[in-house]
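Listing of data05.txt; format and content: compact mmCIF, C-alpha atoms.
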```txt
# COMPACT_ATOMS: atom_id res chain seq x y z
CA MET A 1 -133.08 60.37 8.32
CA THR A 2 -133.15 61.00 12.08
CA LYS A 3 -134.39 57.59 13.14
CA ILE A 4 -132.30 55.19 15.21
CA SER A 5 -131.01 52.39 12.97
CA GLU A 6 -128.31 50.71 15.08
CA ILE A 7 -127.37 50.39 18.76
CA LYS A 8 -124.14 48.85 19.98
CA PHE A 9 -122.81 48.16 23.50
CA SER A 10 -119.08 47.74 24.23
CA LEU A 11 -117.40 46.76 27.49
CA LYS A 12 -114.44 49.00 28.37
CA SER A 13 -111.95 48.78 31.25
CA TYR A 14 -109.68 51.52 32.60
CA PRO A 15 -107.06 50.97 35.34
CA TYR A 16 -106.86 53.56 38.11
CA LYS A 17 -103.55 55.39 38.43
CA LYS A 18 -103.63 54.28 42.08
CA PRO A 19 -106.27 52.22 43.92
CA PHE A 20 -109.27 54.44 44.63
CA HIS A 21 -110.36 53.94 48.22
CA ILE A 22 -113.58 55.31 49.70
CA THR A 23 -115.59 54.09 52.69
CA GLY A 24 -116.16 50.36 52.28
CA SER A 25 -114.75 50.14 48.75
CA ILE A 26 -111.39 49.95 46.98
CA SER A 27 -111.23 49.96 43.18
CA SER A 28 -108.21 49.31 40.97
CA ILE A 29 -110.08 49.23 37.66
CA ALA A 30 -113.16 50.97 36.23
CA THR A 31 -115.36 48.82 33.99
CA ASN A 32 -117.86 50.77 31.94
CA VAL A 33 -120.32 50.15 29.12
CA GLU A 34 -120.00 52.33 26.04
CA VAL A 35 -123.19 52.94 24.08
CA GLU A 36 -123.18 53.81 20.39
CA ILE A 37 -126.36 54.93 18.63
CA LYS A 38 -126.36 55.31 14.84
CA LEU A 39 -129.02 57.12 12.86
CA SER A 40 -130.33 56.23 9.43
CA ASP A 41 -128.36 59.13 7.90
CA GLY A 42 -125.08 57.86 9.39
CA ILE A 43 -124.80 60.21 12.38
CA VAL A 44 -123.34 58.46 15.44
CA GLY A 45 -123.85 59.49 19.07
CA TYR A 46 -122.05 58.12 22.11
CA GLY A 47 -122.85 57.64 25.78
CA GLU A 48 -121.21 55.79 28.64
CA ALA A 49 -122.62 53.90 31.61
CA SER A 50 -120.44 53.61 34.70
CA PRO A 51 -122.39 51.10 36.81
CA SER A 52 -122.01 51.00 40.58
CA PHE A 53 -123.16 47.97 42.53
CA ARG A 54 -122.52 49.86 45.79
CA VAL A 55 -124.91 52.67 44.87
CA ASN A 56 -127.31 51.32 42.24
CA GLY A 57 -126.96 47.54 42.43
CA GLU A 58 -125.69 47.45 38.84
CA LYS A 59 -123.05 45.23 37.23
CA PRO A 60 -121.48 45.81 33.79
CA GLU A 61 -122.29 42.25 32.68
CA ALA A 62 -125.99 42.79 33.42
CA LEU A 63 -126.01 45.95 31.32
CA MET A 64 -124.30 44.20 28.42
CA ALA A 65 -126.96 41.49 28.50
CA MET A 66 -129.65 44.12 27.85
CA GLU A 67 -128.34 45.12 24.42
CA ASN A 68 -130.90 43.18 22.36
CA PHE A 69 -133.74 44.30 24.62
CA VAL A 70 -132.71 47.96 24.21
CA LYS A 71 -132.57 47.50 20.43
CA GLU A 72 -136.17 46.26 20.49
CA LEU A 73 -137.17 49.31 22.55
CA LEU A 74 -135.49 52.06 20.58
CA ILE A 75 -134.59 51.13 17.00
CA GLY A 76 -136.88 53.00 14.59
CA LEU A 77 -137.57 55.90 16.95
CA ASP A 78 -136.84 59.48 15.88
CA VAL A 79 -134.27 61.32 18.03
CA ARG A 80 -136.14 64.58 17.36
CA GLN A 81 -138.79 63.10 19.63
CA TYR A 82 -136.25 62.67 22.41
CA ARG A 83 -138.80 63.26 25.16
CA LYS A 84 -140.67 60.20 23.96
CA ILE A 85 -137.41 58.23 24.10
CA PHE A 86 -136.78 59.60 27.60
CA GLU A 87 -140.23 58.39 28.67
CA ILE A 88 -139.42 54.90 27.44
CA THR A 89 -135.95 54.77 29.00
CA ASP A 90 -137.32 56.12 32.30
CA LYS A 91 -138.68 52.61 32.76
CA LEU A 92 -135.10 51.30 33.14
CA ILE A 93 -135.42 51.85 36.90
CA SER A 94 -132.91 49.18 37.91
CA THR A 95 -130.24 50.32 35.44
CA PRO A 96 -129.96 54.11 35.80
CA SER A 97 -126.43 54.35 34.42
CA LEU A 98 -127.58 52.64 31.20
CA LYS A 99 -130.52 55.02 31.09
CA ALA A 100 -128.06 57.94 31.31
CA ALA A 101 -125.85 56.58 28.53
CA LEU A 102 -128.77 55.97 26.18
CA GLN A 103 -130.35 59.34 26.85
CA PHE A 104 -127.09 61.19 26.31
CA ALA A 105 -126.28 59.27 23.13
CA VAL A 106 -129.68 60.32 21.78
CA LEU A 107 -128.95 63.97 22.60
CA ASP A 108 -125.47 63.60 21.09
CA CYS A 109 -127.09 62.47 17.84
CA LEU A 110 -129.67 65.24 17.96
CA SER A 111 -127.05 67.92 18.55
CA GLN A 112 -125.25 66.80 15.40
CA VAL A 113 -128.52 66.84 13.45
CA TYR A 114 -128.96 70.50 14.41
CA GLY A 115 -125.26 71.40 14.13
CA THR A 116 -124.85 72.34 17.77
CA THR A 117 -123.70 70.80 21.08
CA VAL A 118 -125.59 68.97 23.82
CA SER A 119 -124.77 71.79 26.22
CA HIS A 120 -126.55 74.23 23.93
CA LEU A 121 -129.53 71.90 23.55
CA LEU A 122 -129.77 71.96 27.36
CA GLY A 123 -129.65 75.74 27.58
CA GLY A 124 -126.07 76.89 26.95
CA TYR A 125 -126.02 78.68 30.29
CA LYS A 126 -122.28 78.65 31.06
CA LYS A 127 -119.12 78.83 28.96
CA GLU A 128 -116.85 77.38 31.68
CA ILE A 129 -117.02 75.35 34.88
CA GLU A 130 -114.40 74.44 37.46
CA THR A 131 -113.97 70.96 38.90
CA ASP A 132 -112.50 69.77 42.15
CA LYS A 133 -110.09 66.85 42.49
CA THR A 134 -110.36 64.03 45.02
CA VAL A 135 -108.15 62.78 47.83
CA GLY A 136 -109.06 59.15 48.45
CA ILE A 137 -108.63 57.26 51.72
CA ASP A 138 -105.00 56.25 52.18
CA SER A 139 -102.31 56.48 54.82
CA PHE A 140 -102.24 59.72 56.79
CA GLU A 141 -99.06 60.86 55.02
CA ASN A 142 -100.31 60.04 51.53
CA ARG A 143 -103.60 61.86 52.04
CA VAL A 144 -101.78 65.02 53.06
CA LYS A 145 -99.28 64.64 50.21
CA ASP A 146 -102.05 64.09 47.65
CA ALA A 147 -103.98 67.14 48.86
CA LYS A 148 -100.88 69.32 48.66
CA GLN A 149 -100.15 68.11 45.13
CA ILE A 150 -103.73 68.74 44.01
CA PHE A 151 -103.58 72.26 45.42
CA GLU A 152 -100.27 72.91 43.67
CA GLU A 153 -101.81 71.72 40.39
CA GLY A 154 -104.18 74.68 40.62
CA PHE A 155 -107.32 73.05 42.02
CA LYS A 156 -109.01 75.47 44.41
CA VAL A 157 -111.62 72.96 45.56
CA ILE A 158 -110.38 69.70 47.08
CA LYS A 159 -112.68 66.76 47.77
CA ILE A 160 -111.58 64.68 50.76
CA LYS A 161 -112.87 61.16 51.37
CA VAL A 162 -113.49 60.22 55.01
CA GLY A 163 -115.65 57.77 56.91
CA GLU A 164 -113.55 54.82 58.07
CA ASN A 165 -111.63 56.28 61.04
CA LEU A 166 -113.22 59.25 62.79
CA ARG A 167 -110.19 60.36 64.81
CA GLU A 168 -107.77 60.08 61.89
CA ASP A 169 -110.24 61.82 59.57
CA ILE A 170 -110.31 64.83 61.90
CA GLU A 171 -106.54 64.93 62.24
CA VAL A 172 -105.85 64.49 58.53
CA LEU A 173 -108.21 67.34 57.61
CA GLN A 174 -106.49 69.56 60.16
CA GLU A 175 -103.13 68.75 58.55
CA ILE A 176 -104.44 69.17 55.00
CA ALA A 177 -105.75 72.61 55.92
CA LYS A 178 -102.25 73.65 56.99
CA VAL A 179 -100.67 72.82 53.61
CA THR A 180 -103.52 74.02 51.36
CA LYS A 181 -104.38 77.45 52.80
CA GLY A 182 -106.99 79.17 50.68
CA ALA A 183 -108.54 75.97 49.34
CA MET A 184 -112.19 75.03 49.71
CA TYR A 185 -113.08 71.56 50.97
CA ILE A 186 -115.84 69.13 50.09
CA VAL A 187 -115.78 66.35 52.70
CA ASP A 188 -117.44 63.10 51.65
CA ALA A 189 -118.06 60.32 54.18
CA ASN A 190 -119.83 58.03 51.68
CA MET A 191 -122.26 56.88 54.38
CA GLY A 192 -119.43 55.96 56.76
CA TYR A 193 -120.53 57.71 59.96
CA THR A 194 -123.37 57.33 62.39
CA PRO A 195 -125.30 60.57 62.90
CA LYS A 196 -123.51 61.19 66.22
CA GLN A 197 -120.09 60.54 64.66
CA ALA A 198 -120.94 62.88 61.80
CA VAL A 199 -121.79 65.66 64.25
CA GLU A 200 -118.64 65.01 66.28
CA PHE A 201 -116.46 65.21 63.16
CA ALA A 202 -118.01 68.53 62.12
CA LYS A 203 -117.75 70.07 65.58
CA GLN A 204 -114.08 69.15 65.96
CA VAL A 205 -113.23 70.48 62.50
CA TYR A 206 -115.15 73.69 63.20
CA LYS A 207 -113.27 74.16 66.48
CA SER A 208 -110.04 73.95 64.49
CA GLY A 209 -111.12 76.93 62.41
CA ILE A 210 -111.61 74.90 59.23
CA ASP A 211 -114.55 75.64 56.96
CA ILE A 212 -116.22 72.89 54.95
CA ALA A 213 -118.03 74.06 51.83
CA VAL A 214 -120.10 70.86 51.54
CA TYR A 215 -120.41 67.95 53.99
CA GLU A 216 -121.50 65.11 51.75
CA GLN A 217 -123.51 62.01 52.64
CA PRO A 218 -122.31 61.64 56.24
CA VAL A 219 -124.73 58.80 57.09
CA TYR A 220 -126.30 55.71 55.51
CA TRP A 221 -128.37 56.36 52.39
CA SER A 222 -131.72 55.31 53.86
CA ASP A 223 -131.26 57.24 57.11
CA PHE A 224 -133.18 60.38 56.17
CA ASP A 225 -133.79 61.17 59.83
CA GLY A 226 -130.04 60.88 60.43
CA LEU A 227 -129.31 63.28 57.57
CA LYS A 228 -131.75 65.77 59.01
CA PHE A 229 -130.22 65.37 62.49
CA VAL A 230 -126.77 66.11 61.09
CA ARG A 231 -128.03 69.06 59.05
CA PHE A 232 -129.53 70.76 62.08
CA ASN A 233 -126.59 70.04 64.38
CA VAL A 234 -123.51 71.00 62.35
CA PRO A 235 -122.30 74.40 61.11
CA PHE A 236 -121.69 73.22 57.53
CA PRO A 237 -124.06 72.62 54.58
CA VAL A 238 -125.04 68.95 54.31
CA ALA A 239 -125.45 67.19 50.94
CA ALA A 240 -127.25 64.04 49.88
CA ASP A 241 -125.52 61.79 47.36
CA GLU A 242 -126.38 58.10 47.82
CA SER A 243 -129.70 59.23 49.36
CA ALA A 244 -130.61 61.15 46.19
CA LYS A 245 -130.81 58.70 43.33
CA SER A 246 -134.07 59.76 41.70
CA LYS A 247 -136.42 62.74 41.55
CA PHE A 248 -138.66 60.88 44.00
CA ASP A 249 -135.81 60.63 46.54
CA VAL A 250 -135.22 64.36 46.16
CA MET A 251 -138.89 65.15 46.68
CA ARG A 252 -138.72 63.27 49.99
CA LEU A 253 -135.49 65.01 51.02
CA ILE A 254 -137.14 68.36 50.33
CA LYS A 255 -140.30 67.48 52.26
CA GLU A 256 -138.27 66.33 55.26
CA GLU A 257 -135.89 69.34 55.12
CA ALA A 258 -133.04 66.85 55.39
CA VAL A 259 -130.28 68.57 53.39
CA ASP A 260 -128.89 71.82 52.02
CA TYR A 261 -127.40 70.35 48.85
CA ILE A 262 -128.23 67.62 46.36
CA ASN A 263 -125.42 65.87 44.49
CA ILE A 264 -126.74 65.00 41.05
CA LYS A 265 -124.97 62.17 39.26
CA LEU A 266 -126.21 61.19 35.84
CA MET A 267 -125.26 57.60 36.65
CA LYS A 268 -127.89 57.59 39.43
CA SER A 269 -130.68 59.43 37.66
CA GLY A 270 -130.18 59.65 33.92
CA ILE A 271 -130.63 62.92 32.03
CA SER A 272 -134.41 63.03 32.49
CA ASP A 273 -134.47 62.75 36.28
CA ALA A 274 -131.47 65.07 36.55
CA LEU A 275 -133.39 67.77 34.69
CA ALA A 276 -136.33 67.27 37.03
CA ILE A 277 -134.08 67.44 40.10
CA VAL A 278 -132.61 70.75 38.91
CA GLU A 279 -136.09 72.27 38.84
CA LEU A 280 -137.13 70.70 42.14
CA ALA A 281 -134.03 72.11 43.83
CA LYS A 282 -134.68 75.57 42.41
CA ALA A 283 -138.26 75.49 43.67
CA ALA A 284 -137.12 74.37 47.14
CA ASN A 285 -134.18 76.81 47.26
CA LEU A 286 -131.67 73.97 47.63
CA LYS A 287 -128.20 74.14 46.13
CA LEU A 288 -126.73 71.61 43.74
CA MET A 289 -123.42 69.95 42.99
CA ILE A 290 -122.73 67.47 40.20
CA GLY A 291 -120.60 64.38 40.69
CA CYS A 292 -119.43 61.26 38.92
CA MET A 293 -118.84 57.55 39.40
CA SER A 294 -115.91 56.05 37.45
CA GLU A 295 -116.51 57.56 34.03
CA SER A 296 -113.82 57.88 31.39
CA SER A 297 -113.49 61.13 29.44
CA LEU A 298 -116.38 59.92 27.26
CA GLY A 299 -118.63 59.57 30.30
CA ILE A 300 -117.49 62.75 32.04
CA ASN A 301 -118.33 64.53 28.77
CA GLN A 302 -121.99 63.83 29.55
CA SER A 303 -121.87 65.63 32.90
CA VAL A 304 -119.75 68.47 31.50
CA HIS A 305 -122.37 69.24 28.86
CA PHE A 306 -125.18 68.87 31.39
CA ALA A 307 -123.46 71.29 33.78
CA LEU A 308 -122.55 73.82 31.10
CA GLY A 309 -126.02 73.65 29.59
CA THR A 310 -128.09 74.02 32.75
CA GLY A 311 -125.67 76.22 34.72
CA ALA A 312 -127.29 74.78 37.82
CA PHE A 313 -124.33 73.82 40.00
CA GLU A 314 -122.37 75.49 42.78
CA PHE A 315 -119.70 72.77 42.74
CA HIS A 316 -118.51 70.32 40.10
CA ASP A 317 -116.92 67.02 41.10
CA LEU A 318 -116.01 65.79 37.63
CA ASP A 319 -112.58 64.27 38.04
CA SER A 320 -112.90 60.50 37.51
CA HIS A 321 -111.21 60.71 34.11
CA LEU A 322 -108.22 62.33 35.83
CA LEU A 323 -107.86 59.34 38.16
CA ILE A 324 -107.71 56.60 35.51
CA ASN A 325 -105.31 55.69 32.71
CA GLU A 326 -106.99 56.22 29.36
CA GLU A 327 -105.22 55.79 26.02
CA THR A 328 -107.28 58.36 24.12
CA PHE A 329 -109.13 61.43 25.39
CA ARG A 330 -112.67 61.30 23.96
CA GLY A 331 -114.49 64.17 25.59
CA LYS A 332 -116.04 66.98 23.56
CA PHE A 333 -114.55 69.54 25.92
CA VAL A 334 -111.26 71.23 26.71
CA GLN A 335 -109.65 71.01 30.16
CA ASN A 336 -106.96 73.27 31.56
CA GLY A 337 -106.25 72.23 35.15
CA PRO A 338 -109.55 72.60 37.01
CA LYS A 339 -111.17 74.71 34.26
CA ILE A 340 -113.43 72.94 31.75
CA SER A 341 -115.04 74.51 28.68
CA LEU A 342 -116.04 73.70 25.11
CA GLY A 343 -113.06 75.68 23.86
CA GLU A 344 -115.30 78.10 21.96
```
I need this file expressed as structure tokens, please.
Amino acid sequence: MTKISEIKFSLKSYPYKKPFHITGSISSIATNVEVEIKLSDGIVGYGEASPSFRVNGEKPEALMAMENFVKELLIGLDVRQYRKIFEITDKLISTPSLKAALQFAVLDCLSQVYGTTVSHLLGGYKKEIETDKTVGIDSFENRVKDAKQIFEEGFKVIKIKVGENLREDIEVLQEIAKVTKGAMYIVDANMGYTPKQAVEFAKQVYKSGIDIAVYEQPVYWSDFDGLKFVRFNVPFPVAADESAKSKFDVMRLIKEEAVDYINIKLMKSGISDALAIVELAKAANLKLMIGCMSESSLGINQSVHFALGTGAFEFHDLDSHLLINEETFRGKFVQNGPKISLGE
């Protein structure tokens, strides 16, 4: 009754409301892979992979081509033995977003078997979380306008993309701070700075009296020494995103004392590694934030339930579904401005 009988992959595309520009990348459409797992008793669970070539080296077409292989791996397995399924899917090292989608779809099925939610399976720690909303790279005027609008929409945490023009990045943050007084800022360079540029940015912002809650991935992903240099030479907490794809990356970051925060994204690590990273961070006294790639409401649902269930995160960057045009909302959550809950 609780064995996997069918698996189906579907390619889905969602246009951005406006081109989403970060360091070295501009996207006008999000192309994701929807995963449907059906049990022998008719229960259906859903997951979504949002592949990133920039971060993981994944392409949607490559994931779609793995459908028959995944069927051979998983059909006939019992979702009540989800740890066994996690062990098998952990071998999908080169396709972590697919791993995440499959693992969540399994938990989605299991939660229905037991008449509960995935968030409760994962601990049920929180009833509500609060997300930020992102200001992408754009003209100076548009970045300030977007930040002001986000603040007026009720978002207290604003994520600001930087990394392509050091001088303008400093000046735009100074201007944003003037029109969003009382907001908190997560500044994300997406690997765009050298270590010295990253330090210069932080020092100039600090001199302006602006506080940064999290300074995210200021340098290239493989530059662990650069991350550590920035961490020990700026007044703000430094986070690893692209540098923290797996639990093994996080172990190294901890050993090298390179960061203050880890940004967990299910699309980088899957559910299994994300659970491990939560415990590693607790043991090392590091703080956590949770982020996203280009998920629709179906994909963001995965991170919402993970965040509510574990209660592990200081900040939640779960806004990709707000940046795309989507015909039907498919998340098993309720959103009111920045506040997200199960509506219980």
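Near A:Val187, within a cut-off of 7 Å and counting all atoms listed in the file, sit the residues Lys159, Ile160, Lys161, Val162, Ile212, Val214, Tyr215 and Glu216 of chain A, with same-chain residues fewer than 5 positions away left out.
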Show me, as a PDB file with C-alpha atoms, keeping the file's coordinate frame, the residues that have an atom within 9 Å of stretch 28-45 of chain A when counting only C-alpha atoms, minus same-chain residues fewer than 5 positions from it.
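Contents of result_7.pdb, freshly written:
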```
ATOM      1  CA  MET A   1    -133.080  60.370   8.320  1.00  0.00           C
ATOM      2  CA  THR A   2    -133.150  61.000  12.080  1.00  0.00           C
ATOM      3  CA  LYS A   3    -134.390  57.590  13.140  1.00  0.00           C
ATOM      4  CA  ILE A   4    -132.300  55.190  15.210  1.00  0.00           C
ATOM      5  CA  SER A   5    -131.010  52.390  12.970  1.00  0.00           C
ATOM      6  CA  GLU A   6    -128.310  50.710  15.080  1.00  0.00           C
ATOM      7  CA  ILE A   7    -127.370  50.390  18.760  1.00  0.00           C
ATOM      8  CA  LYS A   8    -124.140  48.850  19.980  1.00  0.00           C
ATOM      9  CA  PHE A   9    -122.810  48.160  23.500  1.00  0.00           C
ATOM     10  CA  SER A  10    -119.080  47.740  24.230  1.00  0.00           C
ATOM     11  CA  LEU A  11    -117.400  46.760  27.490  1.00  0.00           C
ATOM     12  CA  LYS A  12    -114.440  49.000  28.370  1.00  0.00           C
ATOM     13  CA  SER A  13    -111.950  48.780  31.250  1.00  0.00           C
ATOM     14  CA  TYR A  14    -109.680  51.520  32.600  1.00  0.00           C
ATOM     15  CA  PRO A  15    -107.060  50.970  35.340  1.00  0.00           C
ATOM     16  CA  TYR A  16    -106.860  53.560  38.110  1.00  0.00           C
ATOM     17  CA  LYS A  17    -103.550  55.390  38.430  1.00  0.00           C
ATOM     18  CA  LYS A  18    -103.630  54.280  42.080  1.00  0.00           C
ATOM     19  CA  PRO A  19    -106.270  52.220  43.920  1.00  0.00           C
ATOM     20  CA  PHE A  20    -109.270  54.440  44.630  1.00  0.00           C
ATOM     21  CA  HIS A  21    -110.360  53.940  48.220  1.00  0.00           C
ATOM     22  CA  SER A  50    -120.440  53.610  34.700  1.00  0.00           C
ATOM     23  CA  PRO A  51    -122.390  51.100  36.810  1.00  0.00           C
ATOM     24  CA  PRO A  60    -121.480  45.810  33.790  1.00  0.00           C
ATOM     25  CA  GLU A  61    -122.290  42.250  32.680  1.00  0.00           C
ATOM     26  CA  LEU A  63    -126.010  45.950  31.320  1.00  0.00           C
ATOM     27  CA  MET A  64    -124.300  44.200  28.420  1.00  0.00           C
ATOM     28  CA  GLY A  76    -136.880  53.000  14.590  1.00  0.00           C
ATOM     29  CA  ASP A  78    -136.840  59.480  15.880  1.00  0.00           C
ATOM     30  CA  VAL A  79    -134.270  61.320  18.030  1.00  0.00           C
ATOM     31  CA  LEU A  98    -127.580  52.640  31.200  1.00  0.00           C
ATOM     32  CA  ALA A 101    -125.850  56.580  28.530  1.00  0.00           C
ATOM     33  CA  LEU A 102    -128.770  55.970  26.180  1.00  0.00           C
ATOM     34  CA  PHE A 104    -127.090  61.190  26.310  1.00  0.00           C
ATOM     35  CA  ALA A 105    -126.280  59.270  23.130  1.00  0.00           C
ATOM     36  CA  VAL A 106    -129.680  60.320  21.780  1.00  0.00           C
ATOM     37  CA  LEU A 107    -128.950  63.970  22.600  1.00  0.00           C
ATOM     38  CA  ASP A 108    -125.470  63.600  21.090  1.00  0.00           C
ATOM     39  CA  CYS A 109    -127.090  62.470  17.840  1.00  0.00           C
ATOM     40  CA  LEU A 110    -129.670  65.240  17.960  1.00  0.00           C
ATOM     41  CA  GLN A 112    -125.250  66.800  15.400  1.00  0.00           C
ATOM     42  CA  VAL A 113    -128.520  66.840  13.450  1.00  0.00           C
ATOM     43  CA  SER A 294    -115.910  56.050  37.450  1.00  0.00           C
ATOM     44  CA  GLU A 295    -116.510  57.560  34.030  1.00  0.00           C
ATOM     45  CA  SER A 296    -113.820  57.880  31.390  1.00  0.00           C
ATOM     46  CA  LEU A 298    -116.380  59.920  27.260  1.00  0.00           C
ATOM     47  CA  GLY A 299    -118.630  59.570  30.300  1.00  0.00           C
ATOM     48  CA  ILE A 324    -107.710  56.600  35.510  1.00  0.00           C
TER      49      ILE A 324
END
```
Item to check | Selection near A:Lys126, 7 Å with only C-alpha atoms, sequence-local residues under 5 positions removed, as a PyMOL selection string | outcome: chain A and resi 308-309+311
Checklist outcome for this item: Shortest contact to A:Val234, candidates A:His316, A:Lys255, A:Lys247, A:Lys196, atoms counted all atoms listed in the file, goes to A:Lys196
Next on the checklist: I'd like the interatomic distance between atom CA of A:Ile129 and atom CA of A:Ile340, to a tenth of an Å.
Outcome noted: 5.3 Å
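Take the candidates A:Glu58, A:Ser272, A:Gly192, A:Tyr206 and check each one against A:Arg83 using all atoms listed in the file; the shortest distance goes to A:Ser272.
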Checklist entry - Between A:Lys181, A:Arg167, A:Lys99, A:Lys127, which has the minimum distance to A:Ile271 (counting only C-alpha atoms)? => result A:Lys99
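Between atom CA of A:Val118 and atom CA of A:His305 the separation is 6.0 Å.
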Item to check | Contacts of A:Val219 at 10 Å (only C-alpha atoms; same-chain gap of 3+ positions) as an MDAnalysis selection string | outcome: chainID A and resid 163 189:198 216 222:227 230 240 242:243
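Atom CA of A:Phe313 is positioned 22.3 Å from atom CA of A:Thr116.
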Checklist entry - So which one's closest to A:Glu327, A:Leu166, A:Glu48, A:Lys228, A:Ser297? Using only C-alpha atoms, please. => result A:Ser297
Using only C-alpha atoms, tabulate the residues of stretch 161-264 of chain A lying at most 9 Å from any atom of stretch 278-287 of chain A, each with its closest atom pair and that distance in Å to one decimal, by chain and increasing residue number, as JSON lines.
```
{"residue": "A:Ala239", "atom": "CA", "partner": "A:Lys287", "partner_atom": "CA", "distance": 8.9}
{"residue": "A:Lys247", "atom": "CA", "partner": "A:Leu280", "partner_atom": "CA", "distance": 8.0}
{"residue": "A:Val250", "atom": "CA", "partner": "A:Leu280", "partner_atom": "CA", "distance": 7.7}
{"residue": "A:Met251", "atom": "CA", "partner": "A:Leu280", "partner_atom": "CA", "distance": 7.4}
{"residue": "A:Ile254", "atom": "CA", "partner": "A:Ala284", "partner_atom": "CA", "distance": 6.8}
{"residue": "A:Val259", "atom": "CA", "partner": "A:Leu286", "partner_atom": "CA", "distance": 8.0}
{"residue": "A:Asp260", "atom": "CA", "partner": "A:Leu286", "partner_atom": "CA", "distance": 5.6}
{"residue": "A:Tyr261", "atom": "CA", "partner": "A:Lys287", "partner_atom": "CA", "distance": 4.7}
{"residue": "A:Ile262", "atom": "CA", "partner": "A:Lys287", "partner_atom": "CA", "distance": 6.5}
{"residue": "A:Asn263", "atom": "CA", "partner": "A:Lys287", "partner_atom": "CA", "distance": 8.9}
{"residue": "A:Ile264", "atom": "CA", "partner": "A:Val278", "partner_atom": "CA", "distance": 8.5}
```
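Using all atoms listed in the file for every distance, the candidate list A:Leu323, A:Leu92, A:Ile170, A:Val70 yields A:Ile170 as the residue closest to A:Lys207.
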Please output stretch 216-229 of chain A, rebuilt to include N, CA and C atoms, as a tab-separated table (two decimals), in the frame of the given file.
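rebuild-v9.tsv, freshly written:
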```
chain	number	residue	atom	x	y	z
A	216	GLU	N	-120.73	65.98	52.63
A	216	GLU	CA	-121.50	65.11	51.75
A	216	GLU	C	-121.77	63.74	52.34
A	217	GLN	N	-123.01	63.33	52.24
A	217	GLN	CA	-123.51	62.01	52.64
A	217	GLN	C	-122.81	61.44	53.88
A	218	PRO	N	-122.99	62.11	55.03
A	218	PRO	CA	-122.31	61.64	56.24
A	218	PRO	C	-122.85	60.32	56.78
A	219	VAL	N	-124.11	59.99	56.49
A	219	VAL	CA	-124.73	58.80	57.09
A	219	VAL	C	-125.32	57.89	56.01
A	220	TYR	N	-125.80	56.74	56.43
A	220	TYR	CA	-126.30	55.71	55.51
A	220	TYR	C	-127.42	56.26	54.62
A	221	TRP	N	-127.50	55.76	53.40
A	221	TRP	CA	-128.37	56.36	52.39
A	221	TRP	C	-129.84	56.41	52.78
A	222	SER	N	-130.30	55.37	53.51
A	222	SER	CA	-131.72	55.31	53.86
A	222	SER	C	-132.06	56.04	55.15
A	223	ASP	N	-131.05	56.58	55.82
A	223	ASP	CA	-131.26	57.24	57.11
A	223	ASP	C	-131.59	58.72	56.90
A	224	PHE	N	-132.79	59.00	56.42
A	224	PHE	CA	-133.18	60.38	56.17
A	224	PHE	C	-133.28	61.17	57.48
A	225	ASP	N	-133.74	60.50	58.53
A	225	ASP	CA	-133.79	61.17	59.83
A	225	ASP	C	-132.39	61.52	60.31
A	226	GLY	N	-131.42	60.61	60.05
A	226	GLY	CA	-130.04	60.88	60.43
A	226	GLY	C	-129.46	62.05	59.66
A	227	LEU	N	-129.76	62.13	58.36
A	227	LEU	CA	-129.31	63.28	57.57
A	227	LEU	C	-129.85	64.58	58.13
A	228	LYS	N	-131.13	64.57	58.47
A	228	LYS	CA	-131.75	65.77	59.01
A	228	LYS	C	-131.14	66.14	60.36
A	229	PHE	N	-130.87	65.13	61.19
A	229	PHE	CA	-130.22	65.37	62.49
A	229	PHE	C	-128.87	66.04	62.29
```
